[in-house]
$ cat my_file.pdb   # PDB, C-alpha atoms
ATOM      1  CA  MET A  28       0.000   0.000   0.000
ATOM      2  CA  ALA A  29       2.915   2.331   0.724
ATOM      3  CA  ASP A  30       3.825   2.684  -2.956
ATOM      4  CA  GLN A  31       0.254   3.386  -4.046
ATOM      5  CA  VAL A  32      -1.389   6.776  -4.401
ATOM      6  CA  CYS A  33      -4.873   8.012  -3.584
ATOM      7  CA  CYS A  34      -7.270   7.522  -6.500
ATOM      8  CA  VAL A  35      -8.782  10.955  -5.778
ATOM      9  CA  CYS A  36      -5.879  13.343  -5.151
ATOM     10  CA  GLY A  37      -2.715  11.382  -6.039
ATOM     11  CA  LYS A  38      -1.175  11.683  -2.560
ATOM     12  CA  PRO A  39       0.436   8.650  -0.863
ATOM     13  CA  ALA A  40      -2.255   6.171   0.120
ATOM     14  CA  GLY A  41      -2.560   4.328   3.377
ATOM     15  CA  ARG A  42      -6.018   2.772   3.169
ATOM     16  CA  ALA A  43      -8.132   1.010   0.578
ATOM     17  CA  ILE A  44     -11.653   0.026  -0.423
ATOM     18  CA  GLY A  45     -11.433  -3.089  -2.547
ATOM     19  CA  GLN A  46      -8.709  -2.362  -5.116
ATOM     20  CA  ARG A  47      -8.947   1.431  -4.771
ATOM     21  CA  ALA A  48      -6.314   3.178  -2.631
ATOM     22  CA  PHE A  49      -7.065   6.321  -0.593
ATOM     23  CA  CYS A  50      -5.261   8.821   1.574
ATOM     24  CA  ASP A  51      -6.755   9.171   5.066
ATOM     25  CA  GLU A  52      -8.767  12.274   4.138
ATOM     26  CA  HIS A  53     -10.438  10.804   1.094
ATOM     27  CA  PHE A  54     -10.975   7.443   2.759
ATOM     28  CA  GLU A  55     -13.124   9.240   5.317
ATOM     29  CA  SER A  56     -15.026  11.214   2.675
ATOM     30  CA  ALA A  57     -15.526   8.096   0.542
ATOM     31  CA  ASN A  58     -17.276   6.517   3.509
ATOM     32  CA  SER A  59     -19.344   9.562   4.445
ATOM     33  CA  GLN A  60     -23.124   9.103   4.560
ATOM     34  CA  ARG A  61     -23.893  12.757   3.683
ATOM     35  CA  LYS A  62     -27.319  12.842   5.317
ATOM     36  CA  GLY A  63     -27.968  16.249   3.786
ATOM     37  CA  VAL A  64     -28.083  14.698   0.319
ATOM     38  CA  TRP A  65     -30.917  12.385   1.276
ATOM     39  CA  ARG A  66     -32.781  15.028   3.243
ATOM     40  CA  SER A  67     -32.677  17.310   0.207
ATOM     41  CA  ALA A  68     -34.042  14.491  -1.973
ATOM     42  CA  TRP A  69     -37.002  13.937   0.317
ATOM     43  CA  GLY A  70     -37.451  17.673   0.785
ATOM     44  CA  GLN A  71     -37.587  18.196  -2.968
ATOM     45  CA  VAL A  72     -40.377  15.636  -3.371
ATOM     46  CA  ILE A  73     -42.480  17.162  -0.607
ATOM     47  CA  ALA A  74     -41.799  20.786  -1.564
ATOM     48  CA  LEU A  75     -42.507  20.147  -5.231
ATOM     49  CA  VAL A  76     -45.855  18.508  -4.469
ATOM     50  CA  VAL A  77     -46.774  21.425  -2.183
ATOM     51  CA  PHE A  78     -45.705  23.879  -4.893
ATOM     52  CA  VAL A  79     -47.917  22.125  -7.449
ATOM     53  CA  VAL A  80     -50.921  22.180  -5.107
ATOM     54  CA  LEU A  81     -50.436  25.898  -4.416
ATOM     55  CA  VAL A  82     -50.096  26.857  -8.092
ATOM     56  CA  TYR A  83     -53.086  24.696  -9.011
ATOM     57  CA  ALA A  84     -55.196  26.225  -6.217
ATOM     58  CA  VAL A  85     -54.209  29.813  -7.014
ATOM     59  CA  GLU A  86     -54.872  29.308 -10.716
ATOM     60  CA  GLY A  87     -58.246  27.727 -10.007
ATOM     61  CA  PHE A  88     -59.292  30.444  -7.546
ATOM     62  CA  PHE A  89     -58.169  33.575  -9.392
ATOM     63  CA  LYS A  90     -58.476  32.219 -12.962
ATOM     64  CA  PRO A  91     -55.972  34.739 -14.394
ATOM     65  CA  ALA A  92     -56.547  35.666 -18.023
ATOM     66  CA  PHE A  93     -53.084  35.509 -19.576
ATOM     67  CA  GLY A  94     -52.267  36.099 -23.201
ATOM     68  CA  GLN A  95     -50.199  33.572 -25.127
ATOM     69  CA  THR A  96     -46.896  35.359 -24.517
ATOM     70  CA  ALA A  97     -47.574  35.577 -20.787
ATOM     71  CA  LEU A  98     -48.515  31.892 -20.675
ATOM     72  CA  VAL A  99     -45.250  30.943 -22.367
ATOM     73  CA  LEU A 100     -43.201  33.092 -19.989
ATOM     74  CA  ALA A 101     -45.049  31.763 -16.957
ATOM     75  CA  GLY A 102     -44.558  28.196 -18.157
ATOM     76  CA  VAL A 103     -40.818  28.725 -18.654
ATOM     77  CA  VAL A 104     -40.523  30.124 -15.124
ATOM     78  CA  LEU A 105     -42.426  27.144 -13.717
ATOM     79  CA  ALA A 106     -40.116  24.791 -15.624
ATOM     80  CA  ILE A 107     -37.089  26.200 -13.781
ATOM     81  CA  VAL A 108     -38.623  25.998 -10.291
ATOM     82  CA  PRO A 109     -37.965  22.238  -9.608
ATOM     83  CA  ALA A 110     -34.207  22.742 -10.051
ATOM     84  CA  LEU A 111     -34.263  25.804  -7.797
ATOM     85  CA  ILE A 112     -36.149  23.870  -5.111
ATOM     86  CA  TRP A 113     -33.613  21.037  -5.179
ATOM     87  CA  MET A 114     -30.665  23.451  -5.063
ATOM     88  CA  ALA A 115     -32.174  25.326  -2.124
ATOM     89  CA  PHE A 116     -32.766  22.140  -0.127
ATOM     90  CA  PHE A 117     -29.416  20.627  -1.046
ATOM     91  CA  TYR A 118     -27.268  23.585  -0.005
ATOM     92  CA  GLN A 119     -29.337  24.201   3.111
ATOM     93  CA  GLN A 120     -29.088  20.580   4.274
ATOM     94  CA  ASP A 121     -25.523  19.863   3.104
ATOM     95  CA  ARG A 122     -23.782  22.864   4.646
ATOM     96  CA  LEU A 123     -20.759  21.070   6.143
ATOM     97  CA  GLU A 124     -19.233  19.758   2.892
ATOM     98  CA  PRO A 125     -21.336  20.939  -0.057
ATOM     99  CA  GLU A 126     -20.319  20.397  -3.648
ATOM    100  CA  PRO A 127     -18.978  23.550  -5.352
ATOM    101  CA  LYS A 128     -21.897  25.465  -6.833
ATOM    102  CA  GLY A 129     -19.953  25.989 -10.047
ATOM    103  CA  TYR A 130     -19.508  22.247 -10.555
ATOM    104  CA  VAL A 131     -23.168  21.495  -9.889
ATOM    105  CA  ALA A 132     -24.254  24.339 -12.173
ATOM    106  CA  SER A 133     -21.899  23.197 -14.935
ATOM    107  CA  VAL A 134     -23.366  19.678 -14.907
ATOM    108  CA  PHE A 135     -26.890  21.117 -14.890
ATOM    109  CA  ILE A 136     -26.121  23.360 -17.874
ATOM    110  CA  LEU A 137     -24.277  20.599 -19.743
ATOM    111  CA  ALA A 138     -27.292  18.313 -19.355
ATOM    112  CA  MET A 139     -29.512  21.095 -20.684
ATOM    113  CA  LEU A 140     -27.244  21.457 -23.706
ATOM    114  CA  VAL A 141     -27.182  17.751 -24.568
ATOM    115  CA  ALA A 142     -30.949  17.556 -24.126
ATOM    116  CA  ALA A 143     -31.499  20.511 -26.471
ATOM    117  CA  ALA A 144     -28.786  19.662 -28.999
ATOM    118  CA  ILE A 145     -29.099  15.860 -29.132
ATOM    119  CA  TRP A 146     -32.262  14.477 -27.556
ATOM    120  CA  LEU A 147     -34.858  16.904 -28.920
ATOM    121  CA  PRO A 148     -33.638  16.654 -32.539
ATOM    122  CA  LEU A 149     -33.562  12.853 -32.249
ATOM    123  CA  GLU A 150     -37.049  12.748 -30.763
ATOM    124  CA  GLU A 151     -38.675  15.191 -33.159
ATOM    125  CA  ASN A 152     -36.740  14.880 -36.411
ATOM    126  CA  PHE A 153     -35.200  11.406 -36.451
ATOM    127  CA  PHE A 154     -37.429   9.000 -34.506
ATOM    128  CA  HIS A 155     -40.659  11.049 -34.876
ATOM    129  CA  LEU A 156     -41.892   9.508 -31.625
ATOM    130  CA  SER A 157     -45.210  11.350 -31.487
ATOM    131  CA  LYS A 158     -46.333   9.645 -34.712
ATOM    132  CA  TRP A 159     -46.031   6.028 -33.550
ATOM    133  CA  MET A 160     -45.166   5.725 -29.839
ATOM    134  CA  TYR A 161     -48.787   5.438 -28.731
ATOM    135  CA  ALA A 162     -49.932   2.930 -31.365
ATOM    136  CA  ASP A 163     -50.383   0.126 -28.819
ATOM    137  CA  THR A 164     -49.155  -0.993 -25.412
ATOM    138  CA  LEU A 165     -46.214  -3.068 -26.645
ATOM    139  CA  THR A 166     -44.982  -0.277 -28.929
ATOM    140  CA  THR A 167     -45.220   2.277 -26.136
ATOM    141  CA  LEU A 168     -43.384   0.020 -23.710
ATOM    142  CA  LEU A 169     -40.570  -1.013 -26.062
ATOM    143  CA  GLY A 170     -40.151   2.478 -27.501
ATOM    144  CA  GLY A 171     -40.104   3.920 -24.004
ATOM    145  CA  ILE A 172     -37.308   1.592 -22.917
ATOM    146  CA  LEU A 173     -35.172   1.114 -26.029
ATOM    147  CA  ILE A 174     -35.332   4.656 -27.410
ATOM    148  CA  VAL A 175     -36.514   7.082 -24.750
ATOM    149  CA  GLY A 176     -34.959   5.264 -21.810
ATOM    150  CA  PHE A 177     -31.558   4.306 -23.147
ATOM    151  CA  ILE A 178     -30.839   7.525 -25.028
ATOM    152  CA  GLN A 179     -31.966   9.848 -22.244
ATOM    153  CA  GLU A 180     -30.114   7.951 -19.525
ATOM    154  CA  PHE A 181     -26.923   7.708 -21.554
ATOM    155  CA  LEU A 182     -26.952  11.455 -22.231
ATOM    156  CA  LYS A 183     -27.378  12.226 -18.526
ATOM    157  CA  TYR A 184     -24.634   9.736 -17.691
ATOM    158  CA  ALA A 185     -22.330  11.385 -20.257
ATOM    159  CA  ALA A 186     -22.984  14.841 -18.777
ATOM    160  CA  VAL A 187     -21.446  13.618 -15.498
ATOM    161  CA  ARG A 188     -18.922  11.039 -16.722
ATOM    162  CA  TYR A 189     -17.170  13.400 -19.121
ATOM    163  CA  SER A 190     -17.193  16.495 -16.934
ATOM    164  CA  VAL A 191     -16.782  16.345 -13.135
ATOM    165  CA  TYR A 192     -16.193  12.589 -12.816
ATOM    166  CA  ARG A 193     -12.373  12.915 -12.873
ATOM    167  CA  SER A 194     -12.399  16.022 -10.707
ATOM    168  CA  ALA A 195     -10.969  15.950  -7.175
ATOM    169  CA  GLU A 196     -14.341  17.311  -6.025
ATOM    170  CA  PHE A 197     -15.922  13.991  -7.019
ATOM    171  CA  ASP A 198     -14.407  12.388  -3.929
ATOM    172  CA  GLU A 199     -17.097  10.071  -2.582
ATOM    173  CA  ALA A 200     -19.633   7.636  -3.956
ATOM    174  CA  THR A 201     -22.561   9.844  -2.924
ATOM    175  CA  ASP A 202     -21.277  12.562  -5.257
ATOM    176  CA  GLY A 203     -22.391  10.391  -8.157
ATOM    177  CA  VAL A 204     -25.985  10.758  -6.987
ATOM    178  CA  VAL A 205     -25.593  14.511  -6.424
ATOM    179  CA  TYR A 206     -24.150  15.336  -9.832
ATOM    180  CA  ALA A 207     -26.403  12.907 -11.689
ATOM    181  CA  THR A 208     -29.465  14.428 -10.012
ATOM    182  CA  ALA A 209     -28.309  17.862 -11.201
ATOM    183  CA  ALA A 210     -27.972  16.407 -14.714
ATOM    184  CA  GLY A 211     -31.453  14.888 -14.498
ATOM    185  CA  LEU A 212     -32.966  18.208 -13.465
ATOM    186  CA  GLY A 213     -31.136  20.005 -16.285
ATOM    187  CA  PHE A 214     -32.510  17.473 -18.740
ATOM    188  CA  ALA A 215     -36.018  17.839 -17.300
ATOM    189  CA  THR A 216     -35.837  21.628 -17.491
ATOM    190  CA  VAL A 217     -35.221  21.506 -21.251
ATOM    191  CA  LEU A 218     -38.001  18.947 -21.779
ATOM    192  CA  ASN A 219     -40.446  21.125 -19.886
ATOM    193  CA  ILE A 220     -39.424  24.367 -21.569
ATOM    194  CA  ASN A 221     -39.721  22.678 -24.962
ATOM    195  CA  PHE A 222     -43.194  21.418 -24.034
ATOM    196  CA  VAL A 223     -44.315  24.907 -22.997
ATOM    197  CA  ILE A 224     -42.949  26.631 -26.105
ATOM    198  CA  SER A 225     -44.128  23.999 -28.586
ATOM    199  CA  ASN A 226     -47.665  24.272 -27.196
ATOM    200  CA  GLY A 227     -47.644  28.064 -27.204
ATOM    201  CA  GLY A 228     -47.969  28.073 -23.427
ATOM    202  CA  VAL A 229     -49.864  25.782 -21.065
ATOM    203  CA  ASP A 230     -52.697  26.051 -18.600
ATOM    204  CA  LEU A 231     -50.858  26.858 -15.357
ATOM    205  CA  GLY A 232     -52.700  24.352 -13.180
ATOM    206  CA  THR A 233     -52.307  21.245 -15.289
ATOM    207  CA  GLY A 234     -49.037  22.494 -16.777
ATOM    208  CA  VAL A 235     -47.326  22.672 -13.402
ATOM    209  CA  ILE A 236     -48.365  19.079 -12.694
ATOM    210  CA  ARG A 237     -46.669  17.875 -15.860
ATOM    211  CA  ILE A 238     -43.554  19.924 -15.074
ATOM    212  CA  ALA A 239     -43.295  18.351 -11.619
ATOM    213  CA  ILE A 240     -43.817  14.833 -13.003
ATOM    214  CA  VAL A 241     -41.028  15.200 -15.552
ATOM    215  CA  ALA A 242     -38.635  16.755 -13.016
ATOM    216  CA  LEU A 243     -39.196  14.067 -10.371
ATOM    217  CA  ALA A 244     -38.903  11.267 -12.910
ATOM    218  CA  GLN A 245     -35.764  12.507 -14.667
ATOM    219  CA  ALA A 246     -33.995  13.275 -11.389
ATOM    220  CA  SER A 247     -34.850   9.816 -10.003
ATOM    221  CA  PHE A 248     -33.610   7.874 -13.031
ATOM    222  CA  ALA A 249     -30.424   9.939 -13.094
ATOM    223  CA  GLY A 250     -29.904   9.308  -9.379
ATOM    224  CA  ILE A 251     -29.845   5.568 -10.061
ATOM    225  CA  THR A 252     -27.178   6.046 -12.736
ATOM    226  CA  GLY A 253     -25.272   8.289 -10.327
ATOM    227  CA  TYR A 254     -25.201   5.536  -7.706
ATOM    228  CA  PHE A 255     -23.600   3.170 -10.194
ATOM    229  CA  LEU A 256     -21.153   5.907 -11.271
ATOM    230  CA  GLY A 257     -20.058   6.531  -7.693
ATOM    231  CA  ARG A 258     -19.506   2.831  -7.061
ATOM    232  CA  ALA A 259     -17.618   2.497 -10.352
ATOM    233  CA  LYS A 260     -15.157   5.230  -9.370
ATOM    234  CA  PHE A 261     -14.419   4.186  -5.810
ATOM    235  CA  GLU A 262     -14.762   0.423  -5.951
ATOM    236  CA  SER A 263     -13.393  -2.164  -8.342
ATOM    237  CA  GLU A 264     -16.589  -3.180 -10.072
ATOM    238  CA  PRO A 265     -16.714  -5.618 -13.013
ATOM    239  CA  LEU A 266     -16.891  -4.436 -16.612
ATOM    240  CA  TRP A 267     -20.646  -4.959 -16.779
ATOM    241  CA  TRP A 268     -21.347  -2.769 -13.737
ATOM    242  CA  MET A 269     -21.955   0.559 -15.501
ATOM    243  CA  PRO A 270     -23.931  -0.959 -18.406
ATOM    244  CA  LEU A 271     -26.109  -2.626 -15.774
ATOM    245  CA  GLY A 272     -26.767   0.723 -14.108
ATOM    246  CA  LEU A 273     -27.680   2.398 -17.374
ATOM    247  CA  THR A 274     -29.932  -0.506 -18.330
ATOM    248  CA  LEU A 275     -31.741  -0.383 -14.988
ATOM    249  CA  ALA A 276     -32.312   3.372 -15.276
ATOM    250  CA  ALA A 277     -33.460   3.022 -18.904
ATOM    251  CA  VAL A 278     -35.907   0.222 -18.103
ATOM    252  CA  LEU A 279     -37.413   2.186 -15.219
ATOM    253  CA  ASN A 280     -37.620   5.249 -17.481
ATOM    254  CA  GLY A 281     -39.516   3.275 -20.122
ATOM    255  CA  LEU A 282     -41.791   1.570 -17.595
ATOM    256  CA  PHE A 283     -42.620   4.911 -16.014
ATOM    257  CA  PHE A 284     -43.288   6.438 -19.440
ATOM    258  CA  TRP A 285     -45.704   3.615 -20.261
ATOM    259  CA  LEU A 286     -47.412   3.474 -16.856
ATOM    260  CA  ARG A 287     -47.882   7.228 -16.726
ATOM    261  CA  THR A 288     -49.520   7.063 -20.166
ATOM    262  CA  GLU A 289     -51.820   4.296 -18.979
ATOM    263  CA  ILE A 290     -53.033   5.987 -15.809
ATOM    264  CA  THR A 291     -53.427   9.514 -17.176
ATOM    265  CA  GLN A 292     -54.882   8.419 -20.548
ATOM    266  CA  SER A 293     -53.765  11.579 -22.371
ATOM    267  CA  THR A 294     -51.183  14.354 -22.223
ATOM    268  CA  VAL A 295     -51.567  17.896 -20.906
ATOM    269  CA  THR A 296     -52.422  20.506 -23.542
ATOM    270  CA  LEU A 297     -53.103  24.217 -23.714
ATOM    271  CA  THR A 298     -56.750  23.694 -22.792
ATOM    272  CA  GLY A 299     -56.209  21.319 -19.888
ATOM    273  CA  GLY A 300     -55.922  17.905 -21.505
ATOM    274  CA  GLY A 301     -55.028  15.006 -19.233
ATOM    275  CA  SER A 302     -58.005  13.316 -17.633
ATOM    276  CA  ASN A 303     -56.135  12.283 -14.475
ATOM    277  CA  PRO A 304     -52.942  14.363 -14.231
ATOM    278  CA  TRP A 305     -52.880  13.969 -10.449
ATOM    279  CA  TYR A 306     -52.417  10.211 -10.844
ATOM    280  CA  GLY A 307     -49.243  10.888 -12.786
ATOM    281  CA  LEU A 308     -47.968  13.209 -10.049
ATOM    282  CA  ALA A 309     -48.734  10.613  -7.372
ATOM    283  CA  LEU A 310     -46.866   7.990  -9.394
ATOM    284  CA  ALA A 311     -43.833  10.285  -9.822
ATOM    285  CA  ALA A 312     -43.785  11.238  -6.130
ATOM    286  CA  VAL A 313     -43.961   7.615  -4.978
ATOM    287  CA  MET A 314     -41.267   6.607  -7.442
ATOM    288  CA  ALA A 315     -38.962   9.473  -6.415
ATOM    289  CA  GLY A 316     -39.447   8.761  -2.721
ATOM    290  CA  SER A 317     -38.881   5.029  -3.199
ATOM    291  CA  THR A 318     -35.741   5.653  -5.253
ATOM    292  CA  ALA A 319     -34.314   7.958  -2.576
ATOM    293  CA  ALA A 320     -35.061   5.385   0.135
ATOM    294  CA  ILE A 321     -33.475   2.505  -1.794
ATOM    295  CA  LEU A 322     -30.362   4.481  -2.711
ATOM    296  CA  THR A 323     -29.986   5.621   0.908
ATOM    297  CA  TRP A 324     -30.129   2.015   2.100
ATOM    298  CA  LEU A 325     -27.703   0.808  -0.556
ATOM    299  CA  ILE A 326     -25.073   3.450   0.170
ATOM    300  CA  ARG A 327     -25.320   2.933   3.930
ATOM    301  CA  ARG A 328     -24.916  -0.806   3.414
ATOM    302  CA  ASN A 329     -21.904  -0.247   1.170
ATOM    303  CA  ILE A 330     -20.286   2.046   3.749
ATOM    304  CA  LYS A 331     -20.740  -0.508   6.535
ATOM    305  CA  SER A 332     -19.298  -3.260   4.352
ATOM    306  CA  ALA A 333     -16.289  -1.119   3.398
ATOM    307  CA  LEU A 334     -15.533  -0.166   6.986
ATOM    308  CA  ALA A 335     -15.945  -3.739   8.163
ATOM    309  CA  ALA A 336     -13.502  -4.923   5.507
TER     310      ALA A 336
END

$ encode --input "my_file.pdb" --output "structure tokens"
Amino acid sequence: MADQVCCVCGKPAGRAIGQRAFCDEHFESANSQRKGVWRSAWGQVIALVVFVVLVYAVEGFFKPAFGQTALVLAGVVLAIVPALIWMAFFYQQDRLEPEPKGYVASVFILAMLVAAAIWLPLEENFFHLSKWMYADTLTTLLGGILIVGFIQEFLKYAAVRYSVYRSAEFDEATDGVVYATAAGLGFATVLNINFVISNGGVDLGTGVIRIAIVALAQASFAGITGYFLGRAKFESEPLWWMPLGLTLAAVLNGLFFWLRTEITQSTVTLTGGGSNPWYGLALAAVMAGSTAAILTWLIRRNIKSALAA
């Protein structure tokens, strides 16, 4: 061990997790539970649901008469709110050792760029998903997994893997979840803004429900990929480890896409649209909460195993 160097900072290493060597400082951080990360995840779910209820109630009570331009601007603002909520909770809960705001923002922006420059052109101009995705159940399910799921999850993975992954600030397994969640929210922000603009604005009540659904879903799937990324960096995982993580996230993405279609029956439009949009929000909230709980348990189990070894 004496002739090895820390896999994070390059300093002489004195401790190890599996085949990865660490200096004392980064061994401690690699085994940190970072409770603030998980509190911010739960806080985001609760706060976002409360935000949706408030916007829906205010819109229903006051019934503001907005023009098309105002509806577009309001929709764009609403599309940004989920990321702001997560950032506020994360930096309030994770005050002791927060990730640099510049790094988190750069991953968020990079995910926005790949969503706008790669995913949207593929969806609209290459695959033409809206023309055939809803033909039948099997088509929706397979298209949701093989096209929507795999491409979206790979792009979010790439936004983290080829940016902050090799940085010294990515110094613990939990950071994979943090940065991947930022990428997921960046991706969701572009999807929601595109939805608002392409529809010439949306009804604020039902529109905010769709925005919250997309944000919760994209952040959750990305968090799963982030867990696998963090393990891949700090533990000696087999070659199939990362493909397994991407496949799991893609399958859940496709299943969610299909199930949400089934329970809401139709999409949100300018005039209101979806027959049961609240069912979709409930599904997204349960999925996001369950994902946070499972990832919390997995990382705590991994930390105990590493320390025991």

$ atom_distance --input "my_file.pdb" --atom1 "atom CA of A:Leu275" --atom2 "atom CA of A:Phe255"
10.1 Å

$ resolve_selection --input "my_file.pdb" --expression "the PyMOL selection byres ((chain A and resi 306) around 12)" --output "ChimeraX atom specification"
/A:233,236-237,240,286-293,301-305,307-313

$ closest_residue --input "my_file.pdb" --among "A:Val235, A:Ala210, A:Val204, A:Leu173" --to "A:Phe78" --atoms "all atoms listed in the file"
A:Val235

$ axis_aligned_box --input "my_file.pdb" --around "stretch 190-202 of chain A" --padding-each-side "5 Å" --output "AutoDock Vina command-line options"
--center_x -16.8 --center_y 12.5 --center_z -9.8 --size_x 21.6 --size_y 19.7 --size_z 24.4

$ resolve_selection --input "my_file.pdb" --expression "the PyMOL selection byres ((chain A and resi 140-157) around 12)" --output "ChimeraX atom specification"
/A:133-139,158-162,166-167,169-171,173-187,210-222,225,245,294

$ resolve_selection --input "my_file.pdb" --expression "the PyMOL selection byres ((chain A and resi 206) around 9)" --output "number ranges by chain"
A: 126, 130-131, 134-135, 187, 191-192, 197, 201-205, 207-211, 249-250, 253

$ atom_distance --input "my_file.pdb" --atom1 "atom CA of A:Ile321" --atom2 "atom CA of A:Gln71"
16.3 Å

$ atom_distance --input "my_file.pdb" --atom1 "atom CA of A:Ala200" --atom2 "atom CA of A:Met314"
21.9 Å

$ closest_residue --input "my_file.pdb" --among "A:Ala315, A:Thr252, A:Ala259, A:Thr164" --to "A:Arg193" --atoms "only C-alpha atoms"
A:Ala259

$ closest_residue --input "my_file.pdb" --among "A:Ala242, A:Leu81, A:Leu279, A:Leu256" --to "A:Leu111" --atoms "all atoms listed in the file"
A:Ala242

$ closest_residue --input "my_file.pdb" --among "A:Val85, A:Leu325, A:Gly70, A:Val241" --to "A:Phe284" --atoms "only C-alpha atoms"
A:Val241

$ decode --input "my_file.pdb" --residues "stretch 158-178 of chain A" --atoms "C-alpha atoms" --output "short mmCIF file (atom, residue, chain, number, x, y, z; two decimals), in the first residue's frame"
data_model
loop_
_atom_site.label_atom_id
_atom_site.label_comp_id
_atom_site.auth_asym_id
_atom_site.auth_seq_id
_atom_site.Cartn_x
_atom_site.Cartn_y
_atom_site.Cartn_z
CA LYS A 158 -46.33 9.64 -34.71
CA TRP A 159 -46.03 6.03 -33.55
CA MET A 160 -45.17 5.72 -29.84
CA TYR A 161 -48.79 5.44 -28.73
CA ALA A 162 -49.93 2.93 -31.37
CA ASP A 163 -50.38 0.13 -28.82
CA THR A 164 -49.16 -0.99 -25.41
CA LEU A 165 -46.21 -3.07 -26.64
CA THR A 166 -44.98 -0.28 -28.93
CA THR A 167 -45.22 2.28 -26.14
CA LEU A 168 -43.38 0.02 -23.71
CA LEU A 169 -40.57 -1.01 -26.06
CA GLY A 170 -40.15 2.48 -27.50
CA GLY A 171 -40.10 3.92 -24.00
CA ILE A 172 -37.31 1.59 -22.92
CA LEU A 173 -35.17 1.11 -26.03
CA ILE A 174 -35.33 4.66 -27.41
CA VAL A 175 -36.51 7.08 -24.75
CA GLY A 176 -34.96 5.26 -21.81
CA PHE A 177 -31.56 4.31 -23.15
CA ILE A 178 -30.84 7.53 -25.03
#
